[in-house]
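Enquirer: Mind looking over this structure? Questions follow.
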Amino acid sequence: MSELIAKPKVLFFGKVPPPYIGPAVATQIILNSRLKEHVDLVHFDTSHHKSIDELSSKSLKNVFFPFKLYLRLFRDIIRHSPDIVYIPSQQTHIGYLRDIPYVIITRLLGKKLVFHLRGGYFRNWYNKECGGFMKWIIRRVQAQLAGQIVLGENLIQLFEEVMSREKIYVIPNAADYVYPEVPRKSDKIKVLFLGNFIESKGIIDFISAAQLLKDQEKLSFLCAGNYMDEESKATIQQLEKETDQLTILGPVSGKAKFELLKSVDIFVFPTYYRNEGHPWVIVEALGAGLPVISTDHGAIIESVIDGSNGYIINPQSPQEIVDKILELANNEALRTSMSRASRSLYESTYREANIVENFARVFKDVNKK
């Protein structure tokens, strides 16, 4: 009984799927994990959109929704009396300013506050896009926090200008995944891009690489994900028509996604996406035991070790993608070695037990302060 009483109570902000975007998937994984054995979790559901299309829609409903959350936060803090309020933090002017009332309400009611940035752009935003007054606001807000979580050791530097180092914690994305055995139906080496179809995620570079490799009959290329706008949809569908060995699968999720990951040989994610931190899709690829070709963006280099379980290339470099695909395609022993290295790294660092241990450590440490 004493152990149960000692558990910190956390009001845990987060949207859950649908749609299946990184922050929502992260919240779902954490809420379903064994973290509740260490922490008394109370979910504060911020879900608002049920489809990808709604994310960019403009309506009065979207404008007034945050005000409903402010009122609900005040009510829920009174009702549940949490020790800590956990909030995913932002790296845009609108997002950051919109979250300030959460900070005010939480601190007025005497609760500790932990922010969690699921991205890697904060320092660039702060230094390049924020004026003096906005920087002053950010420093004041960050000073109110008991903790700031980032996705990798490489991202600690994002906040070193605006808060003390001892308040910055690292929690990489991690989860337990089940991968079904998938029998091979072809001798071709399959190369996969999986992610939302945003140009800066690298999908056009991936397709360009496929076009450069059109004479390599042993290769096939697959793209799976959501179209994010009609313009990019038209571009990608036209490129598919021009690229014989390319197949656009559209969105996949659940069992179908993990079957797809187990059916391919190489994973390519050449992102330079502004907000990228530590992509969940790379954790999924590691779990599937895939060699990964990606970029030095966010905390990716902590999970894609160049020359060990994959390759780090420069962004917007289709020719580099081509070179690394050919290295792997022409060397089965290398593919096998990198596959084992990916799976080993997943087992040691990116399982549910890892993220549970990290969250439990952070919340207990914050609660003692």
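Chain lettering (A, B, ...) mirrors the order of the structure tokens, residue numbering begins at 1 for each chain separately, and ligand numbering begins at 1 in order of display.
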If you count only C-alpha atoms, which residues fall within 8 Å of Glu352 in chain A, apart from same-chain ones fewer than 3 positions away, as JSON, numbers by chain?
Expert: {"A": [33, 174, 175, 176, 355, 356]}
Enquirer: Per DSSP on the backbone, filter range 67-106 of chain A down to the residues in helix (DSSP H, G or I) and report them as a list in words.
Expert: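 The helix (DSSP H, G or I) subset of range 67-106 of chain A is Phe67, Lys68, Leu69, Tyr70, Leu71, Arg72, Leu73, Phe74, Arg75, Asp76, Ile77, Ile78, Arg79, His80, His93, Ile94, Gly95, Tyr96, Leu97, Arg98, Asp99, Ile100, Pro101, Tyr102, Val103, Ile104, Ile105 and Thr106 of chain A.
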Enquirer: CA of Met134 in chain A to CA of Lys68 in chain A: how many Å, to one decimal?
Expert: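 So the two atoms, CA of Met134 in chain A and CA of Lys68 in chain A, lie 25.0 Å apart.
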Enquirer: Which residue out of A:Arg343, A:Lys167, A:Arg79, A:Lys233 has the minimum interatomic distance to Glu284 in chain A when only C-alpha atoms are used?
Expert: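 Closest to Glu284 in chain A, using only C-alpha atoms: A:Arg343.
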Enquirer: So that I can see what lies close to His278 in chain A, please list as a ChimeraX atom specification the residues with an atom at most 7 Å from it, counting only C-alpha atoms and leaving out residues fewer than 3 positions away in the same chain.
Expert: /A:151,173,298-300
Enquirer: For the residues in the current selection, export N, CA and C atoms as an mmCIF file, in the first residue's frame.
Expert:
```
data_model
loop_
_atom_site.group_PDB
_atom_site.id
_atom_site.type_symbol
_atom_site.label_atom_id
_atom_site.label_comp_id
_atom_site.auth_asym_id
_atom_site.auth_seq_id
_atom_site.Cartn_x
_atom_site.Cartn_y
_atom_site.Cartn_z
ATOM 1 N N LEU A 151 14.042 14.205 -27.052
ATOM 2 C CA LEU A 151 14.004 12.844 -27.588
ATOM 3 C C LEU A 151 15.371 12.171 -27.715
ATOM 4 N N ASN A 173 12.021 7.817 -28.087
ATOM 5 C CA ASN A 173 10.837 7.037 -28.426
ATOM 6 C C ASN A 173 11.163 5.548 -28.356
ATOM 7 N N GLY A 298 17.601 15.922 -36.212
ATOM 8 C CA GLY A 298 17.073 15.608 -34.903
ATOM 9 C C GLY A 298 17.991 14.652 -34.170
ATOM 10 N N ALA A 299 17.391 13.594 -33.627
ATOM 11 C CA ALA A 299 18.170 12.588 -32.886
ATOM 12 C C ALA A 299 18.363 11.308 -33.687
ATOM 13 N N ILE A 300 18.197 11.380 -35.001
ATOM 14 C CA ILE A 300 18.256 10.173 -35.831
ATOM 15 C C ILE A 300 19.603 9.476 -35.720
#
```
Enquirer: Could you give me, as JSON lines, every range 234-301 of chain A residue with an atom at most 8 Å from range 311-321 of chain A, plus its closest atom pair and distance in Å to one decimal, counting only C-alpha atoms, rows ordered by chain then number?
Expert:
```
{"residue": "A:Val268", "atom": "CA", "partner": "A:Ile321", "partner_atom": "CA", "distance": 8.0}
{"residue": "A:Pro270", "atom": "CA", "partner": "A:Pro315", "partner_atom": "CA", "distance": 6.2}
{"residue": "A:Thr271", "atom": "CA", "partner": "A:Pro315", "partner_atom": "CA", "distance": 6.7}
{"residue": "A:Tyr272", "atom": "CA", "partner": "A:Pro315", "partner_atom": "CA", "distance": 6.0}
{"residue": "A:Val292", "atom": "CA", "partner": "A:Tyr311", "partner_atom": "CA", "distance": 6.4}
{"residue": "A:Ile293", "atom": "CA", "partner": "A:Tyr311", "partner_atom": "CA", "distance": 4.8}
{"residue": "A:Ser294", "atom": "CA", "partner": "A:Ile312", "partner_atom": "CA", "distance": 5.2}
{"residue": "A:Thr295", "atom": "CA", "partner": "A:Ile312", "partner_atom": "CA", "distance": 4.9}
{"residue": "A:Asp296", "atom": "CA", "partner": "A:Ile312", "partner_atom": "CA", "distance": 6.2}
{"residue": "A:Ile301", "atom": "CA", "partner": "A:Ile312", "partner_atom": "CA", "distance": 7.4}
```
Enquirer: Which neighbours of range 215-230 of chain A fall inside 7 Å, counting only C-alpha atoms, when residues of the same chain fewer than 3 positions from it are skipped, and could you give them as a JSON list (two decimals) with C-alpha atoms, in the first residue's frame?
Expert:
```
[["chain", "number", "residue", "atom", "x", "y", "z"],
["A", 188, "LYS", "CA", 13.55, -8.78, -55.78],
["A", 189, "ILE", "CA", 15.16, -6.61, -53.09],
["A", 190, "LYS", "CA", 12.42, -4.35, -51.74],
["A", 191, "VAL", "CA", 13.18, -0.80, -50.64],
["A", 192, "LEU", "CA", 10.60, 1.04, -48.52],
["A", 193, "PHE", "CA", 9.70, 4.63, -47.67],
["A", 194, "LEU", "CA", 7.10, 4.83, -44.88],
["A", 195, "GLY", "CA", 5.79, 8.15, -43.58],
["A", 196, "ASN", "CA", 3.43, 11.00, -44.34],
["A", 197, "PHE", "CA", 3.85, 12.16, -47.93],
["A", 198, "ILE", "CA", 5.48, 15.51, -47.18],
["A", 210, "ALA", "CA", 14.08, 4.96, -57.72],
["A", 233, "LYS", "CA", -0.74, 13.90, -54.32],
["A", 234, "ALA", "CA", -0.86, 14.85, -57.99],
["A", 245, "GLN", "CA", 9.43, -0.32, -60.34],
["A", 246, "LEU", "CA", 7.66, 2.06, -57.91],
["A", 247, "THR", "CA", 4.41, 1.22, -56.09],
["A", 248, "ILE", "CA", 2.46, 3.74, -53.98],
["A", 249, "LEU", "CA", 0.56, 1.79, -51.33],
["A", 250, "GLY", "CA", -1.15, 4.63, -49.50],
["A", 251, "PRO", "CA", -1.65, 4.61, -45.72],
["A", 252, "VAL", "CA", -0.97, 1.46, -43.69]]
```
Enquirer: I'd like to know which residues of range 110-262 of chain A are strand (DSSP E or B) (by DSSP, run on the backbone); could you write them as an MDAnalysis selection string?
Expert: chainID A and resid 112:117 147:150 168:170 189:194 197 219:224 227 246:250
Enquirer: Considering only C-alpha atoms, tabulate each residue of range 127-169 of chain A that lies at most 12 Å from range 82-85 of chain A along with its nearest interatomic pair and the corresponding distance in Å to one decimal; arrange the rows by chain and ascending residue number and present them as a tab-separated table.
Expert:
```
residue	atom	partner	partner_atom	distance
A:Leu145	CA	A:Val85	CA	10.0
A:Ala146	CA	A:Ile84	CA	8.9
A:Gly147	CA	A:Ile84	CA	10.1
A:Gln148	CA	A:Val85	CA	11.9
```
Enquirer: Between CA of Ile266 in chain A and CA of Leu290 in chain A, what is the distance in Å, rounded to a tenth?
Expert: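 The value is 5.7 Å.
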Enquirer: What's around His38 in chain A at 12 Å? Count only C-alpha atoms, leave out sequence neighbours fewer than 5 positions away in its own chain, and write the answer as a short mmCIF file (atom, residue, chain, number, x, y, z; two decimals) with C-alpha atoms, in the first residue's frame.
Expert:
```
data_model
loop_
_atom_site.label_atom_id
_atom_site.label_comp_id
_atom_site.auth_asym_id
_atom_site.auth_seq_id
_atom_site.Cartn_x
_atom_site.Cartn_y
_atom_site.Cartn_z
CA GLU A 3 4.29 1.85 -2.63
CA LEU A 4 0.97 2.82 -4.23
CA ILE A 5 0.70 5.97 -2.15
CA ALA A 6 4.26 6.94 -3.06
CA LYS A 7 3.53 6.87 -6.80
CA PRO A 8 3.43 10.39 -8.27
CA LYS A 9 0.12 11.29 -9.91
CA VAL A 10 0.55 12.74 -13.39
CA SER A 33 2.43 0.74 -21.29
CA ALA A 353 10.74 -1.28 -20.83
CA VAL A 356 8.76 3.11 -19.06
CA GLU A 357 12.00 3.24 -17.07
CA ASN A 358 12.83 6.68 -18.47
CA PHE A 359 9.42 8.22 -17.81
CA ALA A 360 9.28 6.72 -14.32
CA ARG A 361 12.75 8.12 -13.57
CA VAL A 362 11.83 11.61 -14.79
CA PHE A 363 8.51 11.82 -12.97
CA LYS A 364 9.96 10.52 -9.70
#
```
Enquirer: In Å, with one decimal, what is the gap from CA of Phe269 in chain A to CA of Val283 in chain A?
Expert: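 CA of Phe269 in chain A sits 11.7 Å away from CA of Val283 in chain A.
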Enquirer: With only C-alpha atoms as the basis for distance, which of A:Leu239, A:Val366, A:Val103, A:Val281 is at the shortest distance from Ile137 in chain A?
Expert: A:Val103
